[in-house]
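Novice: So that you have it, the file is start.cif, and it contains mmCIF, N, CA and C atoms:
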```
data_my_file
#
loop_
_atom_site.label_atom_id
_atom_site.label_comp_id
_atom_site.auth_asym_id
_atom_site.auth_seq_id
_atom_site.Cartn_x
_atom_site.Cartn_y
_atom_site.Cartn_z
N MET A 1 36.60 40.70 -8.68
CA MET A 1 36.92 39.30 -8.59
C MET A 1 36.25 38.58 -9.75
N SER A 2 37.00 37.97 -10.59
CA SER A 2 36.45 37.29 -11.75
C SER A 2 36.67 35.79 -11.63
N PHE A 3 35.76 35.08 -12.25
CA PHE A 3 35.85 33.62 -12.26
C PHE A 3 36.68 33.19 -13.45
N GLY A 4 37.48 32.16 -13.21
CA GLY A 4 38.21 31.56 -14.32
C GLY A 4 37.35 30.50 -14.97
N ASP A 5 37.89 29.90 -16.02
CA ASP A 5 37.13 28.85 -16.71
C ASP A 5 36.87 27.65 -15.80
N ASN A 6 37.87 27.27 -15.01
CA ASN A 6 37.71 26.13 -14.11
C ASN A 6 36.66 26.41 -13.04
N ASP A 7 36.64 27.63 -12.54
CA ASP A 7 35.65 27.98 -11.53
C ASP A 7 34.24 27.93 -12.10
N MET A 8 34.06 28.35 -13.32
CA MET A 8 32.73 28.33 -13.95
C MET A 8 32.25 26.89 -14.15
N VAL A 9 33.18 26.00 -14.51
CA VAL A 9 32.83 24.60 -14.70
C VAL A 9 32.38 23.99 -13.38
N ILE A 10 33.06 24.31 -12.30
CA ILE A 10 32.72 23.77 -10.98
C ILE A 10 31.34 24.29 -10.54
N VAL A 11 31.10 25.58 -10.72
CA VAL A 11 29.81 26.17 -10.36
C VAL A 11 28.69 25.54 -11.20
N PHE A 12 28.93 25.35 -12.49
CA PHE A 12 27.94 24.75 -13.37
C PHE A 12 27.66 23.30 -12.96
N ALA A 13 28.70 22.54 -12.62
CA ALA A 13 28.53 21.14 -12.21
C ALA A 13 27.75 21.06 -10.90
N MET A 14 28.02 21.96 -9.98
CA MET A 14 27.30 21.97 -8.71
C MET A 14 25.83 22.33 -8.92
N SER A 15 25.56 23.25 -9.83
CA SER A 15 24.17 23.61 -10.07
C SER A 15 23.42 22.46 -10.77
N LEU A 16 24.08 21.73 -11.66
CA LEU A 16 23.47 20.55 -12.28
C LEU A 16 23.19 19.47 -11.25
N GLN A 17 24.10 19.31 -10.31
CA GLN A 17 23.91 18.32 -9.25
C GLN A 17 22.70 18.69 -8.39
N ARG A 18 22.58 19.95 -8.06
CA ARG A 18 21.42 20.40 -7.28
C ARG A 18 20.12 20.19 -8.05
N ILE A 19 20.12 20.50 -9.32
CA ILE A 19 18.92 20.31 -10.15
C ILE A 19 18.55 18.83 -10.20
N ALA A 20 19.54 17.95 -10.34
CA ALA A 20 19.28 16.52 -10.39
C ALA A 20 18.69 16.03 -9.06
N LEU A 21 19.24 16.47 -7.94
CA LEU A 21 18.72 16.04 -6.64
C LEU A 21 17.31 16.55 -6.40
N ILE A 22 17.05 17.78 -6.77
CA ILE A 22 15.71 18.34 -6.61
C ILE A 22 14.72 17.59 -7.51
N SER A 23 15.14 17.26 -8.73
CA SER A 23 14.27 16.52 -9.65
C SER A 23 13.93 15.15 -9.11
N ILE A 24 14.91 14.46 -8.55
CA ILE A 24 14.68 13.14 -7.97
C ILE A 24 13.71 13.24 -6.80
N ALA A 25 13.88 14.26 -5.96
CA ALA A 25 12.99 14.45 -4.82
C ALA A 25 11.56 14.73 -5.27
N VAL A 26 11.39 15.56 -6.29
CA VAL A 26 10.05 15.89 -6.79
C VAL A 26 9.40 14.66 -7.41
N ILE A 27 10.15 13.88 -8.17
CA ILE A 27 9.61 12.67 -8.78
C ILE A 27 9.20 11.67 -7.69
N GLY A 28 10.03 11.51 -6.67
CA GLY A 28 9.68 10.61 -5.56
C GLY A 28 8.44 11.08 -4.82
N TRP A 29 8.34 12.39 -4.61
CA TRP A 29 7.17 12.97 -3.93
C TRP A 29 5.90 12.70 -4.73
N LEU A 30 5.97 12.93 -6.04
CA LEU A 30 4.80 12.70 -6.90
C LEU A 30 4.46 11.21 -7.00
N PHE A 31 5.48 10.36 -7.02
CA PHE A 31 5.23 8.92 -7.03
C PHE A 31 4.43 8.51 -5.79
N CYS A 32 4.83 9.03 -4.63
CA CYS A 32 4.09 8.73 -3.39
C CYS A 32 2.65 9.21 -3.48
N ALA A 33 2.45 10.39 -4.06
CA ALA A 33 1.09 10.95 -4.19
C ALA A 33 0.23 10.06 -5.09
N PHE A 34 0.77 9.65 -6.24
CA PHE A 34 -0.01 8.82 -7.16
C PHE A 34 -0.22 7.42 -6.60
N TYR A 35 0.77 6.89 -5.89
CA TYR A 35 0.61 5.58 -5.26
C TYR A 35 -0.51 5.61 -4.23
N THR A 36 -0.54 6.67 -3.44
CA THR A 36 -1.60 6.84 -2.44
C THR A 36 -2.96 6.92 -3.11
N ALA A 37 -3.07 7.70 -4.18
CA ALA A 37 -4.34 7.84 -4.88
C ALA A 37 -4.79 6.53 -5.50
N GLU A 38 -3.88 5.77 -6.06
CA GLU A 38 -4.23 4.47 -6.65
C GLU A 38 -4.66 3.48 -5.58
N THR A 39 -3.98 3.50 -4.42
CA THR A 39 -4.38 2.64 -3.31
C THR A 39 -5.80 2.97 -2.88
N ALA A 40 -6.08 4.26 -2.74
CA ALA A 40 -7.42 4.70 -2.36
C ALA A 40 -8.46 4.29 -3.41
N ASN A 41 -8.12 4.45 -4.65
CA ASN A 41 -9.03 4.10 -5.74
C ASN A 41 -9.33 2.60 -5.76
N SER A 42 -8.34 1.78 -5.45
CA SER A 42 -8.56 0.34 -5.42
C SER A 42 -9.49 -0.09 -4.29
N TYR A 43 -9.59 0.74 -3.24
CA TYR A 43 -10.52 0.46 -2.15
C TYR A 43 -11.84 1.20 -2.32
N GLY A 44 -12.02 1.87 -3.44
CA GLY A 44 -13.28 2.55 -3.72
C GLY A 44 -13.38 3.95 -3.16
N ALA A 45 -12.28 4.53 -2.72
CA ALA A 45 -12.30 5.89 -2.18
C ALA A 45 -12.07 6.90 -3.31
N ASP A 46 -12.23 8.17 -2.98
CA ASP A 46 -12.12 9.24 -3.95
C ASP A 46 -10.66 9.45 -4.38
N TYR A 47 -10.38 9.26 -5.65
CA TYR A 47 -9.02 9.37 -6.19
C TYR A 47 -8.47 10.79 -6.01
N THR A 48 -9.27 11.79 -6.35
CA THR A 48 -8.80 13.17 -6.33
C THR A 48 -8.44 13.62 -4.92
N PHE A 49 -9.28 13.31 -3.95
CA PHE A 49 -8.99 13.69 -2.57
C PHE A 49 -7.67 13.10 -2.10
N TRP A 50 -7.48 11.81 -2.34
CA TRP A 50 -6.26 11.15 -1.88
C TRP A 50 -5.04 11.59 -2.67
N LEU A 51 -5.23 11.98 -3.93
CA LEU A 51 -4.12 12.53 -4.70
C LEU A 51 -3.68 13.87 -4.11
N LEU A 52 -4.63 14.73 -3.79
CA LEU A 52 -4.29 16.01 -3.17
C LEU A 52 -3.63 15.80 -1.80
N LEU A 53 -4.15 14.86 -1.03
CA LEU A 53 -3.54 14.56 0.26
C LEU A 53 -2.11 14.04 0.07
N GLY A 54 -1.92 13.22 -0.96
CA GLY A 54 -0.58 12.71 -1.25
C GLY A 54 0.37 13.79 -1.70
N ILE A 55 -0.12 14.75 -2.47
CA ILE A 55 0.74 15.85 -2.91
C ILE A 55 1.13 16.72 -1.72
N LEU A 56 0.20 16.93 -0.81
CA LEU A 56 0.49 17.77 0.36
C LEU A 56 1.42 17.09 1.36
N THR A 57 1.26 15.79 1.56
CA THR A 57 2.04 15.11 2.59
C THR A 57 3.18 14.26 2.05
N GLY A 58 3.19 13.99 0.76
CA GLY A 58 4.30 13.27 0.14
C GLY A 58 4.48 11.87 0.70
N PRO A 59 5.69 11.52 1.12
CA PRO A 59 5.97 10.17 1.60
C PRO A 59 5.17 9.75 2.82
N LEU A 60 4.69 10.69 3.60
CA LEU A 60 3.88 10.34 4.77
C LEU A 60 2.51 9.81 4.37
N SER A 61 2.06 10.11 3.18
CA SER A 61 0.73 9.68 2.75
C SER A 61 0.66 8.18 2.46
N VAL A 62 1.76 7.57 2.10
CA VAL A 62 1.74 6.15 1.76
C VAL A 62 1.40 5.29 2.97
N PRO A 63 2.15 5.40 4.10
CA PRO A 63 1.75 4.59 5.25
C PRO A 63 0.38 4.99 5.81
N LEU A 64 0.04 6.27 5.70
CA LEU A 64 -1.27 6.73 6.16
C LEU A 64 -2.39 6.03 5.39
N ALA A 65 -2.28 6.00 4.08
CA ALA A 65 -3.31 5.37 3.25
C ALA A 65 -3.36 3.86 3.49
N VAL A 66 -2.22 3.23 3.56
CA VAL A 66 -2.19 1.77 3.75
C VAL A 66 -2.82 1.41 5.09
N LEU A 67 -2.44 2.10 6.15
CA LEU A 67 -3.03 1.82 7.46
C LEU A 67 -4.52 2.13 7.50
N TYR A 68 -4.90 3.25 6.93
CA TYR A 68 -6.31 3.64 6.93
C TYR A 68 -7.17 2.59 6.23
N PHE A 69 -6.74 2.15 5.06
CA PHE A 69 -7.57 1.21 4.31
C PHE A 69 -7.48 -0.21 4.87
N ARG A 70 -6.38 -0.56 5.49
CA ARG A 70 -6.30 -1.88 6.14
C ARG A 70 -7.24 -1.92 7.34
N LEU A 71 -7.27 -0.84 8.13
CA LEU A 71 -8.10 -0.83 9.34
C LEU A 71 -9.57 -0.53 9.06
N SER A 72 -9.87 -0.03 7.88
CA SER A 72 -11.26 0.27 7.58
C SER A 72 -11.81 -0.66 6.50
N GLY A 73 -11.16 -1.79 6.31
CA GLY A 73 -11.59 -2.74 5.29
C GLY A 73 -12.88 -3.45 5.66
N GLU A 74 -13.42 -4.20 4.74
CA GLU A 74 -14.71 -4.88 4.91
C GLU A 74 -14.70 -5.86 6.09
N ARG A 75 -13.67 -6.66 6.19
CA ARG A 75 -13.61 -7.65 7.27
C ARG A 75 -13.58 -6.95 8.63
N TYR A 76 -12.79 -5.89 8.74
CA TYR A 76 -12.71 -5.15 9.99
C TYR A 76 -14.06 -4.51 10.32
N ARG A 77 -14.68 -3.91 9.34
CA ARG A 77 -15.97 -3.24 9.54
C ARG A 77 -17.05 -4.25 9.97
N ARG A 78 -17.08 -5.39 9.34
CA ARG A 78 -18.10 -6.39 9.66
C ARG A 78 -17.84 -6.99 11.05
N ARG A 79 -16.59 -7.13 11.43
CA ARG A 79 -16.27 -7.64 12.76
C ARG A 79 -16.62 -6.59 13.82
N ARG A 80 -16.36 -5.34 13.53
CA ARG A 80 -16.58 -4.27 14.50
C ARG A 80 -18.06 -4.00 14.75
N TYR A 81 -18.89 -4.06 13.74
CA TYR A 81 -20.30 -3.73 13.88
C TYR A 81 -21.21 -4.95 13.91
N SER A 82 -20.68 -6.10 14.21
CA SER A 82 -21.49 -7.30 14.23
C SER A 82 -22.12 -7.49 15.62
N VAL A 83 -23.02 -8.44 15.71
CA VAL A 83 -23.71 -8.73 16.97
C VAL A 83 -22.78 -9.53 17.88
N ASP A 84 -22.65 -9.12 19.12
CA ASP A 84 -21.82 -9.80 20.12
C ASP A 84 -20.36 -9.94 19.70
N GLY A 85 -19.88 -9.09 18.84
CA GLY A 85 -18.48 -9.13 18.43
C GLY A 85 -18.12 -10.28 17.51
N LYS A 86 -19.11 -11.01 17.04
CA LYS A 86 -18.86 -12.14 16.14
C LYS A 86 -19.15 -11.71 14.71
N SER A 87 -18.25 -11.99 13.84
CA SER A 87 -18.41 -11.62 12.44
C SER A 87 -19.26 -12.64 11.71
N ASP A 88 -19.98 -12.18 10.70
CA ASP A 88 -20.75 -13.12 9.87
C ASP A 88 -19.89 -13.68 8.74
N LEU A 89 -18.64 -13.26 8.68
CA LEU A 89 -17.72 -13.80 7.67
C LEU A 89 -17.18 -15.15 8.15
N PRO A 90 -16.94 -16.08 7.25
CA PRO A 90 -16.44 -17.38 7.67
C PRO A 90 -15.00 -17.29 8.18
N ARG A 91 -14.67 -18.16 9.11
CA ARG A 91 -13.30 -18.23 9.60
C ARG A 91 -12.43 -18.81 8.48
N MET A 92 -11.30 -18.19 8.25
CA MET A 92 -10.43 -18.60 7.15
C MET A 92 -9.24 -19.40 7.67
N VAL A 93 -8.84 -20.39 6.89
CA VAL A 93 -7.65 -21.18 7.18
C VAL A 93 -6.76 -21.18 5.95
N ARG A 94 -5.49 -21.45 6.18
CA ARG A 94 -4.53 -21.47 5.07
C ARG A 94 -4.27 -22.92 4.67
N CYS A 95 -4.40 -23.18 3.39
CA CYS A 95 -4.11 -24.51 2.87
C CYS A 95 -2.60 -24.73 2.94
N LEU A 96 -2.18 -25.84 3.50
CA LEU A 96 -0.75 -26.10 3.63
C LEU A 96 -0.11 -26.50 2.30
N ARG A 97 -0.92 -26.94 1.38
CA ARG A 97 -0.37 -27.37 0.09
C ARG A 97 -0.07 -26.18 -0.83
N CYS A 98 -1.06 -25.28 -0.98
CA CYS A 98 -0.87 -24.17 -1.92
C CYS A 98 -0.74 -22.82 -1.23
N GLY A 99 -1.10 -22.73 0.07
CA GLY A 99 -0.94 -21.49 0.81
C GLY A 99 -2.08 -20.49 0.65
N GLU A 100 -3.13 -20.84 -0.07
CA GLU A 100 -4.26 -19.93 -0.26
C GLU A 100 -5.19 -19.97 0.95
N MET A 101 -5.91 -18.87 1.17
CA MET A 101 -6.88 -18.78 2.26
C MET A 101 -8.23 -19.32 1.77
N VAL A 102 -8.81 -20.26 2.53
CA VAL A 102 -10.11 -20.84 2.19
C VAL A 102 -10.97 -20.88 3.45
N PRO A 103 -12.30 -20.85 3.32
CA PRO A 103 -13.17 -20.94 4.50
C PRO A 103 -12.97 -22.27 5.23
N GLU A 104 -13.05 -22.22 6.54
CA GLU A 104 -12.81 -23.39 7.37
C GLU A 104 -13.84 -24.49 7.11
N SER A 105 -15.03 -24.13 6.66
CA SER A 105 -16.09 -25.11 6.43
C SER A 105 -15.86 -25.96 5.18
N PHE A 106 -14.97 -25.55 4.30
CA PHE A 106 -14.70 -26.33 3.09
C PHE A 106 -13.99 -27.63 3.45
N GLU A 107 -14.33 -28.69 2.72
CA GLU A 107 -13.66 -29.97 2.93
C GLU A 107 -12.38 -30.06 2.10
N ARG A 108 -12.40 -29.40 0.94
CA ARG A 108 -11.22 -29.40 0.06
C ARG A 108 -10.89 -27.97 -0.34
N CYS A 109 -9.62 -27.75 -0.61
CA CYS A 109 -9.16 -26.43 -1.05
C CYS A 109 -9.74 -26.14 -2.44
N GLN A 110 -10.31 -24.96 -2.60
CA GLN A 110 -10.91 -24.61 -3.89
C GLN A 110 -9.87 -24.31 -4.95
N PHE A 111 -8.60 -24.18 -4.55
CA PHE A 111 -7.55 -23.85 -5.50
C PHE A 111 -6.75 -25.07 -5.96
N CYS A 112 -6.42 -25.95 -5.00
CA CYS A 112 -5.57 -27.10 -5.37
C CYS A 112 -6.25 -28.44 -5.14
N GLY A 113 -7.38 -28.46 -4.42
CA GLY A 113 -8.11 -29.69 -4.18
C GLY A 113 -7.63 -30.51 -3.00
N ALA A 114 -6.68 -30.01 -2.23
CA ALA A 114 -6.17 -30.74 -1.07
C ALA A 114 -7.22 -30.76 0.05
N PRO A 115 -7.27 -31.83 0.86
CA PRO A 115 -8.20 -31.85 1.99
C PRO A 115 -7.89 -30.71 2.97
N ILE A 116 -8.93 -30.09 3.49
CA ILE A 116 -8.75 -28.93 4.36
C ILE A 116 -8.73 -29.30 5.83
N LYS A 117 -9.64 -30.12 6.28
CA LYS A 117 -9.81 -30.38 7.71
C LYS A 117 -8.55 -30.90 8.38
N LYS A 118 -7.83 -31.78 7.73
CA LYS A 118 -6.67 -32.41 8.36
C LYS A 118 -5.35 -31.72 8.07
N ARG A 119 -5.31 -30.90 7.02
CA ARG A 119 -4.01 -30.38 6.58
C ARG A 119 -3.93 -28.87 6.63
N THR A 120 -4.56 -28.22 7.58
CA THR A 120 -4.49 -26.77 7.65
C THR A 120 -4.17 -26.32 9.05
N LYS A 121 -3.72 -25.10 9.17
CA LYS A 121 -3.53 -24.49 10.49
C LYS A 121 -4.44 -23.27 10.55
N LEU A 122 -5.00 -23.01 11.70
CA LEU A 122 -5.90 -21.88 11.88
C LEU A 122 -5.12 -20.58 11.95
N ILE A 123 -5.76 -19.54 11.46
CA ILE A 123 -5.10 -18.22 11.51
C ILE A 123 -5.87 -17.33 12.46
#
```
So that I can check it, write out the structure of this file as structure tokens.

Specialist:
Amino acid sequence: MSFGDNDMVIVFAMSLQRIALISIAVIGWLFCAFYTAETANSYGADYTFWLLLGILTGPLSVPLAVLYFRLSGERYRRRRYSVDGKSDLPRMVRCLRCGEMVPESFERCQFCGAPIKKRTKLI
């Protein structure tokens, strides 16, 4: 059984399509690994460890890293290990004029200068 010219073209096109799909999958997998490592690095964690974890778990590492660092952040840690469950961090409010977060004790927004006490909502 021999292949004709048309059959060879079809087989070649299918193999190129498979190579392209595999390449896209590998690039996406590596992107997830590097994104995870950069996220970890921005929070002061070990880049190499999180890169290896990202390579091993691929797309699953991104939500894992984001959740881990969100739940283990400074504000969470200080709230969790504080006396009587009260954090020593100031309560933050959002300025209605510019939308930035500022301490509730401020009289004016440090970013836009708008009054804080009367024009904010608590978060």

Novice: Report the centre and edge lengths, in Å to one decimal, of an axis-aligned box enclosing every atom of range 20-31 of chain A listed in the file, padded by 5 Å on each side, as AutoDock Vina command-line options.

Specialist:
```
--center_x 12.0 --center_y 13.4 --center_z -7.2 --size_x 25.1 --size_y 19.8 --size_z 16.5
```

Novice: Distance atom N of Pro59 in chain A-CA of Trp29 in chain A, one decimal place?

Specialist: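 Computing the Euclidean distance for atom N of Pro59 in chain A and CA of Trp29 in chain A yields 5.5 Å.
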
Novice: When you draw a straight line from CA of Ile116 in chain A to CA of Pro90 in chain A, how long is it in Å?

Specialist: 14.3 Å

Novice: Just the number, please: distance in Å from CA of Trp50 in chain A to CA of Ile24 in chain A, one decimal.

Specialist: 21.9 Å

Novice: List the residues sitting within 7 Å of (5.8, 17.1, -5.7) in the file's frame, using only N, CA and C atoms, as a list in words.

Specialist: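 Neighbouring residues, ordered by chain and number, come to Ala25, Val26, Ile27, Gly28, Trp29, Leu30, Phe31 and Ile55 of chain A.
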
Novice: Point out the residue among A:Cys112, A:Phe69, A:Gly44, A:Gly58 with the least atom-to-atom distance to Cys32 in chain A, counting only N, CA and C atoms.

Specialist: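 Using only N, CA and C atoms, Cys32 in chain A sits closest to A:Gly58.
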
Novice: Using all atoms listed in the file, which residue out of A:Ala40, A:Ala33, A:Leu21, A:Gly99 lies closest to Leu60 in chain A?

Specialist: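 The closest residue to Leu60 in chain A is A:Ala33.
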
Novice: Could you name the residues that touch Cys98 in chain A at 10 Å or less, counting only C-alpha atoms, but leaving out those on the same chain fewer than 6 positions away, as a list of chain:residue names?

Specialist: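 Near neighbours after the sequence-gap exclusion: A:Cys109, A:Phe111, A:Cys112, A:Gly113, A:Ala114.
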
Novice: Keeping only N, CA and C atoms, write those residues as a CSV table (one decimal), in the coordinates of the input.

Specialist:
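Okay, this is what ended up in part-v8.csv:
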```
chain,number,residue,atom,x,y,z
A,109,CYS,N,-9.6,-27.8,-0.6
A,109,CYS,CA,-9.2,-26.4,-1.0
A,109,CYS,C,-9.7,-26.1,-2.4
A,111,PHE,N,-8.6,-24.2,-4.6
A,111,PHE,CA,-7.6,-23.8,-5.5
A,111,PHE,C,-6.8,-25.1,-6.0
A,112,CYS,N,-6.4,-26.0,-5.0
A,112,CYS,CA,-5.6,-27.1,-5.4
A,112,CYS,C,-6.2,-28.4,-5.1
A,113,GLY,N,-7.4,-28.5,-4.4
A,113,GLY,CA,-8.1,-29.7,-4.2
A,113,GLY,C,-7.6,-30.5,-3.0
A,114,ALA,N,-6.7,-30.0,-2.2
A,114,ALA,CA,-6.2,-30.7,-1.1
A,114,ALA,C,-7.2,-30.8,0.0
```

Novice: Could you pull out the helix (DSSP H, G or I) residues of range 13-112 of chain A from DSSP and send them as an MDAnalysis selection string?

Specialist: chainID A and resid 13:42 47:71 74:80 83:85

Novice: I'd like to know which of A:Arg18, A:Phe49, A:Tyr43, A:Arg94 is closest to Leu71 in chain A, using only C-alpha atoms.

Specialist: A:Tyr43
